[in-house]
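*Asks:* Could you have a look at this structure, given as structure tokens, before my questions?
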Number of protein chains: 2
Amino acid sequence: MRATLIYGAGDVRVEQVPDPVLKQPTGALVRVTAACICGSDLHPYHSMSPADGPARIGHEFIGVVEDTGSDVSTVQKGDLVVAPFAFSDGTCEYCREGLQTSCVHGGFWATGDVDGGQGEAVRAPLADGILVKLPVGPDSALIPSLLTLSDVFGTGYHAAVRGGVDERTTVTVIGDGAVGLLAVLSAKRLGAEQIVLMGRHKGRTDLGREFGATDVVAERGEEGVAKVRELTGGQGTHVVLEAVGHMPAYEQAYGVVRAGGTISRVGVPQCEEAPIGFGSLFGGNITLTGGPAPARAYIEELLPDILDGTVEPGKVFDRTVDLDGVPDGYRAMDAREALKALVTP
Amino acid sequence: MRATLIYGAGDVRVEQVPDPVLKQPTGALVRVTAACICGSDLHPYHSMSPADGPARIGHEFIGVVEDTGSDVSTVQKGDLVVAPFAFSDGTCEYCREGLQTSCVHGGFWATGDVDGGQGEAVRAPLADGILVKLPVGPDSALIPSLLTLSDVFGTGYHAAVRGGVDERTTVTVIGDGAVGLLAVLSAKRLGAEQIVLMGRHKGRTDLGREFGATDVVAERGEEGVAKVRELTGGQGTHVVLEAVGHMPAYEQAYGVVRAGGTISRVGVPQCEEAPIGFGSLFGGNITLTGGPAPARAYIEELLPDILDGTVEPGKVFDRTVDLDGVPDGYRAMDAREALKALVTP
């Protein structure tokens, strides 16, 4: 089959790779019908050393089950399924608590001998733990929105849930990428009345307003912090959803959070050390939370809203490419020509 | 009157200072009958530059109200009162939320023109916001326990509350100082069944066991982390209460916290930057919380347990000095000869 490989920074190729085969009785083979490129895929696209490549890539997909191992009971051949961006057994203590990203048997797509999502097919190692049957066909108009359940919607929602967003909290969202915009949608869904979106790409922040942002702050750094404080009576917001992962975003986060409030991060941190002392977090009793979203935990909760049209998270896709177009999809997202690219293998 | 001044690292003196006088109608004058030396007072005792001195010091006291301003309504001359380690107006949005350490009119003792607690008297700038009348006399045997309401008990309790300790959580407490030991007592009070105390001073950890610790780990660093994991089925504990503030304690904290768990800090951080990335907090969805305890918020809740003898937090005091003995109290605490010194001016 054909699949996407990353050879190093800026070097993504689509090549022939071995067809996936069932290895465990818990596994399933899935023919990918829709995949996409993630903002987090741009991190290796920026910085990966050629010495670490070539490596498979991609962790978001919808597909049709082609075969299942003998222990699989929740999906069968022919089912259209969505998978979260991390796999998990669905039975361990962490999975039962809804923290599937810490599953004791879990892992990430495109690592070890596990396929990446940006290809024609994948072997899903723990089918019952991860694959969720969708009640639509692969050509449904809902596919883009359903595909966001694999990562970006679940991730935005995780940020809002961990941040404790509700109808009593004011919220700042940092980052106008797909996760940031879906963090806005999630905050709105959880009842927040004031949602300040910090982002400077008008097309994206306009979508953010459509998703529920009440204010948009294009300024960054100290100027951006001052603007958010101005919008919140000088206090900052109860919750900050940080959907970027770079240090300036983190600095903005503790700049705009209200004393006693919470910064919830879902942007993968691009540095290990950061301020947490008296002047940043401690003095104001600021809580820092978040991490890799257990997207699997939120699928059943978010699915009905997509099926009945209450939310349309699929609006974050503004480009569609076939498998051959994946390298150009990376280029376009990196150049900010595209917000998020849908891949139809 | 006489009061304690710190001139620089290792240099604490008791000297004549101006008598406090009422300055605002919201204020009160309090004659101090019991005060104490805090673990956090040892930070300047270790590192304060003589260029920053001399400065008043002390932030924990019980005393008798000698005079009140015209706007004061909750206490009157002759009342025995306890004050929290930060002052606050009691009426602003933050105070009403129970986050008095972020009060818009608040501040800390021994800063600006506000007296420190280690002296014969203090001017309390916002009497109604901070002074809580005690239903005992200044010679009551309960005074040591009641004095812990000003800081160390409230601080340990804040750690446990912010950490979300309840009967379903396992807890590690890092630090066998007074705050750590009272964090143990607080975790026990909130229902935790497994409480691992990391500390290596036997006299202190024995008191920790009396307060509710189920396990004591004397090892530190990686060895200590391995020991706590061994005690918790390899997982670590749901909650870690960090009552030290130095980097090795923080490193232990993220080493022993369970995935999805919470580190609640009340030890004043002695460095601004620390690990928060994928390998420390983010990957396991670890929450970092805590800050200066709004001790005022917990006084009414904790007072009855002290009055009826359910808890005896005053056991953390193992030395008593008069005002002249304060410099020796610092020395003894710094040398770990004393856990916490009570001062009777």
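Naming scheme: A, B, ... for chains in displayed order of the structure tokens; residues 1 onward per chain; ligands 1 onward as shown.
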Quick one: everything within 8 Å of Gly58 of chain A, counting only C-alpha atoms, minus sequence neighbours fewer than 5 positions away in the same chain. Send it as a VMD selection string.
*Replies:* chain A and resid 4 35 to 38 41 109 to 110 116 to 118
*Asks:* Go ahead and save the picked residues with C-alpha atoms, as a compact mmCIF listing (two decimals), in the first residue's frame.
*Replies:*
# COMPACT_ATOMS: atom_id res chain seq x y z
CA THR A 4 3.14 9.02 4.06
CA ALA A 35 -7.42 11.25 7.24
CA CYS A 36 -5.84 14.60 7.93
CA ILE A 37 -2.73 16.55 8.80
CA CYS A 38 -2.39 17.83 12.36
CA ASP A 41 2.65 17.03 12.56
CA TRP A 109 0.08 5.70 15.80
CA ALA A 110 3.12 5.73 13.55
CA GLY A 116 0.40 6.02 10.65
CA GLY A 117 -2.97 7.45 9.67
CA GLN A 118 -1.84 9.21 6.50
*Asks:* Check every residue of chain A for an atom within 8 Å of chain B, counting only C-alpha atoms, and provide those that qualify as a PDB file with C-alpha atoms, in the first residue's frame.
*Replies:*
ATOM      1  CA  LEU A  99      -7.445   8.759  30.730  1.00  0.00           C
ATOM      2  CA  THR A 101      -3.623   8.370  26.821  1.00  0.00           C
ATOM      3  CA  SER A 102      -2.074   6.786  29.928  1.00  0.00           C
ATOM      4  CA  ALA A 259      -5.863  34.883  40.241  1.00  0.00           C
ATOM      5  CA  GLY A 260      -7.100  31.494  41.387  1.00  0.00           C
ATOM      6  CA  VAL A 268       2.380  19.909  22.970  1.00  0.00           C
ATOM      7  CA  PRO A 269       5.051  21.827  24.939  1.00  0.00           C
ATOM      8  CA  GLN A 270       8.051  22.603  22.781  1.00  0.00           C
ATOM      9  CA  CYS A 271      10.275  23.226  25.769  1.00  0.00           C
ATOM     10  CA  GLU A 272      10.652  21.333  28.999  1.00  0.00           C
ATOM     11  CA  GLU A 273      11.412  24.204  31.396  1.00  0.00           C
ATOM     12  CA  ALA A 274       9.155  27.189  31.959  1.00  0.00           C
ATOM     13  CA  PRO A 275       8.238  29.675  34.673  1.00  0.00           C
ATOM     14  CA  ILE A 276       6.159  28.250  37.548  1.00  0.00           C
ATOM     15  CA  GLY A 277       7.382  30.368  40.461  1.00  0.00           C
ATOM     16  CA  PHE A 278       5.918  33.173  42.535  1.00  0.00           C
ATOM     17  CA  GLY A 279       5.776  35.665  39.690  1.00  0.00           C
ATOM     18  CA  SER A 280       4.054  33.388  37.179  1.00  0.00           C
ATOM     19  CA  LEU A 281       1.870  30.675  38.706  1.00  0.00           C
ATOM     20  CA  PHE A 282       2.416  30.374  42.453  1.00  0.00           C
ATOM     21  CA  GLY A 283       1.682  33.904  43.678  1.00  0.00           C
ATOM     22  CA  GLY A 284      -1.806  33.937  42.194  1.00  0.00           C
ATOM     23  CA  ASN A 285      -2.660  30.329  43.057  1.00  0.00           C
ATOM     24  CA  ILE A 286      -2.797  29.536  39.340  1.00  0.00           C
ATOM     25  CA  THR A 287      -3.445  25.934  38.362  1.00  0.00           C
ATOM     26  CA  LEU A 288      -1.638  24.459  35.371  1.00  0.00           C
ATOM     27  CA  THR A 289      -3.271  21.399  33.867  1.00  0.00           C
ATOM     28  CA  GLY A 290      -3.795  19.534  30.611  1.00  0.00           C
ATOM     29  CA  GLY A 291      -1.870  17.068  28.531  1.00  0.00           C
ATOM     30  CA  PRO A 292      -2.464  14.699  25.634  1.00  0.00           C
TER      31      PRO A 292
END
*Asks:* Report as a ChimeraX atom specification all protein, DNA and RNA residues lying within 12 Å of Lys77 of chain A, evaluated on only C-alpha atoms, omitting residues in the same chain fewer than 4 positions from it.
*Replies:* /A:28-31,63-69,72-73,81,127,133
*Asks:* From the set B:Asp52, B:Asp71, B:Asp176, B:Asp151, which residue has the shortest atom-to-atom contact distance to Gly129 of chain B, counting only C-alpha atoms?
*Replies:*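 For Gly129 of chain B, the nearest of the candidates is B:Asp71.
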*Asks:* Would you mind writing down, as a ChimeraX atom specification, each residue of segment 100-280 of chain A that DSSP on the backbone assigns to strand (DSSP E)?
*Replies:* /A:107-108,121-124,132-133,171-174,195-198,215-217,237-242,257-265,273-275
*Asks:* So that I can check the surroundings of Ala338 of chain B, please list as a PyMOL selection string every protein, DNA and RNA residue that reaches within 7 Å of it, counting only C-alpha atoms and ignoring chain neighbours fewer than 4 positions away.
*Replies:* chain B and resi 318-319+332-333
*Asks:* Store the residues picked out above, limited to C-alpha atoms, as a PDB file, in the first residue's frame.
*Replies:*
ATOM      1  CA  ASP B 318       8.791  21.774  70.053  1.00  0.00           C
ATOM      2  CA  ARG B 319      10.462  24.873  71.423  1.00  0.00           C
ATOM      3  CA  ALA B 332      17.695  26.172  66.296  1.00  0.00           C
ATOM      4  CA  MET B 333      15.192  25.794  63.453  1.00  0.00           C
TER       5      MET B 333
END
*Asks:* With distances taken over only C-alpha atoms, which of A:Gly78, A:Gly329, A:Gly154, A:Gly212 is nearest to Glu193 of chain A?
*Replies:*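 Closest to Glu193 of chain A, using only C-alpha atoms: A:Gly212.
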*Asks:* Using only C-alpha atoms, which protein or nucleic acid residues come within 9 Å of Ala178 of chain B? Drop anything in the same chain fewer than 4 positions from it, and give the result as a ChimeraX atom specification.
*Replies:* /B:38-39,152-153,156,182-183,204,243,313,316-317,339-340
*Asks:* Need the shell around Asp308 of chain A: protein/DNA/RNA residues with any atom at most 12 Å away, counting only C-alpha atoms. Skip same-chain ones fewer than 3 positions apart. Format as a PDB file with C-alpha atoms, in the first residue's frame?
*Replies:*
ATOM      1  CA  PRO A 135     -23.748   5.454  11.937  1.00  0.00           C
ATOM      2  CA  LEU A 142     -20.582  14.740   8.150  1.00  0.00           C
ATOM      3  CA  SER A 145     -16.797  16.872  11.457  1.00  0.00           C
ATOM      4  CA  LEU A 146     -16.653  13.211  12.514  1.00  0.00           C
ATOM      5  CA  LEU A 302     -19.565  14.644  21.298  1.00  0.00           C
ATOM      6  CA  LEU A 303     -20.883  12.387  18.536  1.00  0.00           C
ATOM      7  CA  PRO A 304     -24.611  13.177  18.932  1.00  0.00           C
ATOM      8  CA  ASP A 305     -24.014  16.917  18.582  1.00  0.00           C
ATOM      9  CA  VAL A 311     -21.921  21.671  16.064  1.00  0.00           C
ATOM     10  CA  GLU A 312     -19.888  21.629  12.864  1.00  0.00           C
TER      11      GLU A 312
END
